[in-house]
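To keep things clear, I will list the structure first and then write my remarks on it.
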Amino acid sequence: CETSCLSTEKPTPVPHMRLGFTNVTVRGDGATILERATGEFSPGELAAIMGSSGDGKSTLINAVRGSTSGYRDVQGWVQVNGEQQMSVR
């Protein structure tokens with residue numbers, strides 16, 4: 001950057017979106033990986049999914065985004081702006 005690395009262009013507005021998940025349960029072969037996980041990500045707030053290795057962080061994200069292959073049983077609900085978008089199955 002010769003003078004400035006910061007862009008002077010205004011960013012494209014992103015619609016405010018609230019993403020929620022309710023009672024997400026994931027079972028693998030012989031083990032329950034997540035049980036009744038519930039939460040919400042709200043616009044303008046910083047969120048973190050924290051835990052030790054093997055606690056199910058990636059499994060939660062995969063289930064909420066609908067990528068459930070490889071799991072024996074996945075259940076729960078995903079909402080956007082308070083309206084149910086899909087049943088996680």
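Identifiers for the structure tokens are assigned positionally: chains receive A, B, ... in sequence, residues are indexed from 1 per chain, and ligands are indexed from 1 in the order shown.
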* Taking the backbone alone, and naming residues the way the document does, which bits of chain A are helix (DSSP H, G or I) by DSSP, as JSON, numbers by chain? -> {"A": [57, 58, 59, 60, 61, 62, 63, 64]}
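Near Pro43 in chain A, within a cut-off of 12 Å and counting only C-alpha atoms, sit the residues Val14, Pro15, His16, Met17, Arg18, Leu19, Gly20, Ala47, Val80 and Asn81 of chain A, with same-chain residues fewer than 4 positions away left out.
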Selection near Gly66 in chain A, 10 Å with only C-alpha atoms, sequence-local residues under 3 positions removed, as a compact mmCIF listing (two decimals) with N, CA, C and O atoms, in the first residue's frame:
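Full text of out.txt as output:
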```txt
# COMPACT_ATOMS: atom_id res chain seq x y z
N LEU A 60 -22.24 -28.91 15.76
CA LEU A 60 -23.33 -27.95 15.91
C LEU A 60 -23.45 -27.07 14.67
O LEU A 60 -24.54 -26.92 14.11
N ILE A 61 -22.35 -26.51 14.22
CA ILE A 61 -22.37 -25.64 13.03
C ILE A 61 -22.86 -26.43 11.82
O ILE A 61 -23.69 -25.95 11.05
N ASN A 62 -22.37 -27.64 11.64
CA ASN A 62 -22.80 -28.47 10.51
C ASN A 62 -24.30 -28.75 10.58
O ASN A 62 -25.00 -28.68 9.57
N ALA A 63 -24.81 -29.08 11.75
CA ALA A 63 -26.24 -29.38 11.89
C ALA A 63 -27.08 -28.14 11.59
O ALA A 63 -28.09 -28.21 10.89
N SER A 69 -24.96 -35.30 6.89
CA SER A 69 -24.51 -36.63 6.45
C SER A 69 -23.43 -37.15 7.40
O SER A 69 -22.64 -36.39 7.95
N VAL A 74 -30.25 -36.77 13.47
CA VAL A 74 -30.13 -35.34 13.73
C VAL A 74 -31.54 -34.77 13.83
O VAL A 74 -32.37 -35.00 12.96
N VAL A 78 -34.23 -24.73 13.02
CA VAL A 78 -33.43 -23.54 12.73
C VAL A 78 -34.39 -22.41 12.36
O VAL A 78 -35.32 -22.62 11.58
N MET A 86 -36.17 -24.40 8.77
CA MET A 86 -36.05 -25.82 8.45
C MET A 86 -36.03 -26.65 9.73
O MET A 86 -35.67 -26.17 10.80
N SER A 87 -36.44 -27.85 9.56
CA SER A 87 -36.32 -28.85 10.58
C SER A 87 -35.04 -29.61 10.28
O SER A 87 -34.84 -30.08 9.17
N VAL A 88 -34.16 -29.69 11.25
CA VAL A 88 -32.90 -30.41 11.06
C VAL A 88 -33.19 -31.89 11.22
O VAL A 88 -33.61 -32.33 12.28
N ARG A 89 -33.03 -32.67 10.16
CA ARG A 89 -33.30 -34.10 10.20
C ARG A 89 -32.28 -34.83 9.38
O ARG A 89 -31.94 -34.48 8.32
```
* **Selection: 8 Å around range 28-40 of chain A, only C-alpha atoms, excl. self and same-chain fewer than 4 positions, as a list in words** => Arg18, Leu19, Gly20, Phe21, Thr22, Asn23, Val24, Asp55, Gly56, Thr59, Leu60, Gly70, Tyr71, Arg72, Asp73 and Gly76 of chain A
Output of the above residues as a PDB file, in the first residue's frame, restricted to N, CA and C atoms:
```
ATOM      1  N   ARG A  18     -31.130 -12.525  12.374  1.00  0.00           N
ATOM      2  CA  ARG A  18     -31.021 -13.228  13.647  1.00  0.00           C
ATOM      3  C   ARG A  18     -31.159 -14.717  13.344  1.00  0.00           C
ATOM      4  N   LEU A  19     -30.155 -15.489  13.693  1.00  0.00           N
ATOM      5  CA  LEU A  19     -30.153 -16.928  13.433  1.00  0.00           C
ATOM      6  C   LEU A  19     -30.303 -17.659  14.749  1.00  0.00           C
ATOM      7  N   GLY A  20     -31.330 -18.502  14.841  1.00  0.00           N
ATOM      8  CA  GLY A  20     -31.551 -19.274  16.059  1.00  0.00           C
ATOM      9  C   GLY A  20     -31.597 -20.764  15.769  1.00  0.00           C
ATOM     10  N   PHE A  21     -31.337 -21.537  16.796  1.00  0.00           N
ATOM     11  CA  PHE A  21     -31.463 -22.992  16.689  1.00  0.00           C
ATOM     12  C   PHE A  21     -32.022 -23.503  18.006  1.00  0.00           C
ATOM     13  N   THR A  22     -32.897 -24.502  17.902  1.00  0.00           N
ATOM     14  CA  THR A  22     -33.620 -24.989  19.068  1.00  0.00           C
ATOM     15  C   THR A  22     -33.571 -26.509  19.127  1.00  0.00           C
ATOM     16  N   ASN A  23     -33.221 -27.027  20.284  1.00  0.00           N
ATOM     17  CA  ASN A  23     -33.233 -28.476  20.555  1.00  0.00           C
ATOM     18  C   ASN A  23     -32.479 -29.288  19.504  1.00  0.00           C
ATOM     19  N   VAL A  24     -31.307 -28.831  19.112  1.00  0.00           N
ATOM     20  CA  VAL A  24     -30.507 -29.580  18.137  1.00  0.00           C
ATOM     21  C   VAL A  24     -29.839 -30.753  18.862  1.00  0.00           C
ATOM     22  N   ASP A  55     -15.946 -31.539  21.803  1.00  0.00           N
ATOM     23  CA  ASP A  55     -17.180 -31.128  22.491  1.00  0.00           C
ATOM     24  C   ASP A  55     -18.370 -30.935  21.560  1.00  0.00           C
ATOM     25  N   GLY A  56     -18.158 -30.962  20.229  1.00  0.00           N
ATOM     26  CA  GLY A  56     -19.277 -30.867  19.302  1.00  0.00           C
ATOM     27  C   GLY A  56     -19.471 -29.513  18.637  1.00  0.00           C
ATOM     28  N   THR A  59     -19.804 -29.994  14.909  1.00  0.00           N
ATOM     29  CA  THR A  59     -21.046 -30.744  14.702  1.00  0.00           C
ATOM     30  C   THR A  59     -22.249 -29.821  14.803  1.00  0.00           C
ATOM     31  N   LEU A  60     -22.240 -28.906  15.762  1.00  0.00           N
ATOM     32  CA  LEU A  60     -23.331 -27.947  15.911  1.00  0.00           C
ATOM     33  C   LEU A  60     -23.452 -27.067  14.670  1.00  0.00           C
ATOM     34  N   GLY A  70     -23.432 -38.427   7.596  1.00  0.00           N
ATOM     35  CA  GLY A  70     -22.450 -39.047   8.475  1.00  0.00           C
ATOM     36  C   GLY A  70     -22.933 -39.229   9.903  1.00  0.00           C
ATOM     37  N   TYR A  71     -24.109 -38.675  10.221  1.00  0.00           N
ATOM     38  CA  TYR A  71     -24.677 -38.844  11.552  1.00  0.00           C
ATOM     39  C   TYR A  71     -25.888 -39.757  11.455  1.00  0.00           C
ATOM     40  N   ARG A  72     -26.081 -40.576  12.469  1.00  0.00           N
ATOM     41  CA  ARG A  72     -27.200 -41.523  12.464  1.00  0.00           C
ATOM     42  C   ARG A  72     -28.535 -40.810  12.635  1.00  0.00           C
ATOM     43  N   ASP A  73     -28.588 -39.808  13.525  1.00  0.00           N
ATOM     44  CA  ASP A  73     -29.854 -39.145  13.829  1.00  0.00           C
ATOM     45  C   ASP A  73     -29.574 -37.678  14.164  1.00  0.00           C
ATOM     46  N   GLY A  76     -33.956 -31.163  15.386  1.00  0.00           N
ATOM     47  CA  GLY A  76     -33.954 -29.800  15.894  1.00  0.00           C
ATOM     48  C   GLY A  76     -34.563 -28.847  14.890  1.00  0.00           C
TER      49      GLY A  76
END
```
* Just how far from CA of Phe41 in chain A is CA of Val64 in chain A, in Å to one decimal? -> 11.7 Å
* Mind listing the strand (DSSP E or B) residues of chain A, per DSSP on the backbone, as an MDAnalysis selection string? => chainID A and resid 19:27 32:41 73:80 83:87
Write the residues of the selection above to a file with C-alpha atoms, as a CSV table (one decimal), in the first residue's frame.
```
chain,number,residue,atom,x,y,z
A,19,LEU,CA,-30.2,-16.9,13.4
A,20,GLY,CA,-31.6,-19.3,16.1
A,21,PHE,CA,-31.5,-23.0,16.7
A,22,THR,CA,-33.6,-25.0,19.1
A,23,ASN,CA,-33.2,-28.5,20.6
A,24,VAL,CA,-30.5,-29.6,18.1
A,25,THR,CA,-29.6,-33.2,19.0
A,26,VAL,CA,-27.1,-35.2,17.0
A,27,ARG,CA,-26.4,-38.9,17.5
A,32,THR,CA,-24.9,-38.7,21.5
A,33,ILE,CA,-22.7,-35.9,20.3
A,34,LEU,CA,-25.1,-33.0,21.1
A,35,GLU,CA,-28.2,-33.0,23.1
A,36,ARG,CA,-30.9,-30.3,23.0
A,37,ALA,CA,-28.5,-27.4,22.0
A,38,THR,CA,-30.3,-24.1,21.8
A,39,GLY,CA,-29.0,-20.6,21.0
A,40,GLU,CA,-29.2,-17.5,18.9
A,41,PHE,CA,-26.9,-15.2,17.0
A,73,ASP,CA,-29.9,-39.1,13.8
A,74,VAL,CA,-30.1,-35.3,13.7
A,75,GLN,CA,-33.1,-33.4,15.1
A,76,GLY,CA,-34.0,-29.8,15.9
A,77,TRP,CA,-35.1,-26.5,14.4
A,78,VAL,CA,-33.4,-23.5,12.7
A,79,GLN,CA,-35.0,-20.1,12.7
A,80,VAL,CA,-34.1,-16.9,10.8
A,83,GLU,CA,-39.4,-17.7,11.6
A,84,GLN,CA,-38.8,-21.4,11.3
A,85,GLN,CA,-36.7,-22.1,8.2
A,86,MET,CA,-36.0,-25.8,8.5
A,87,SER,CA,-36.3,-28.8,10.6
```
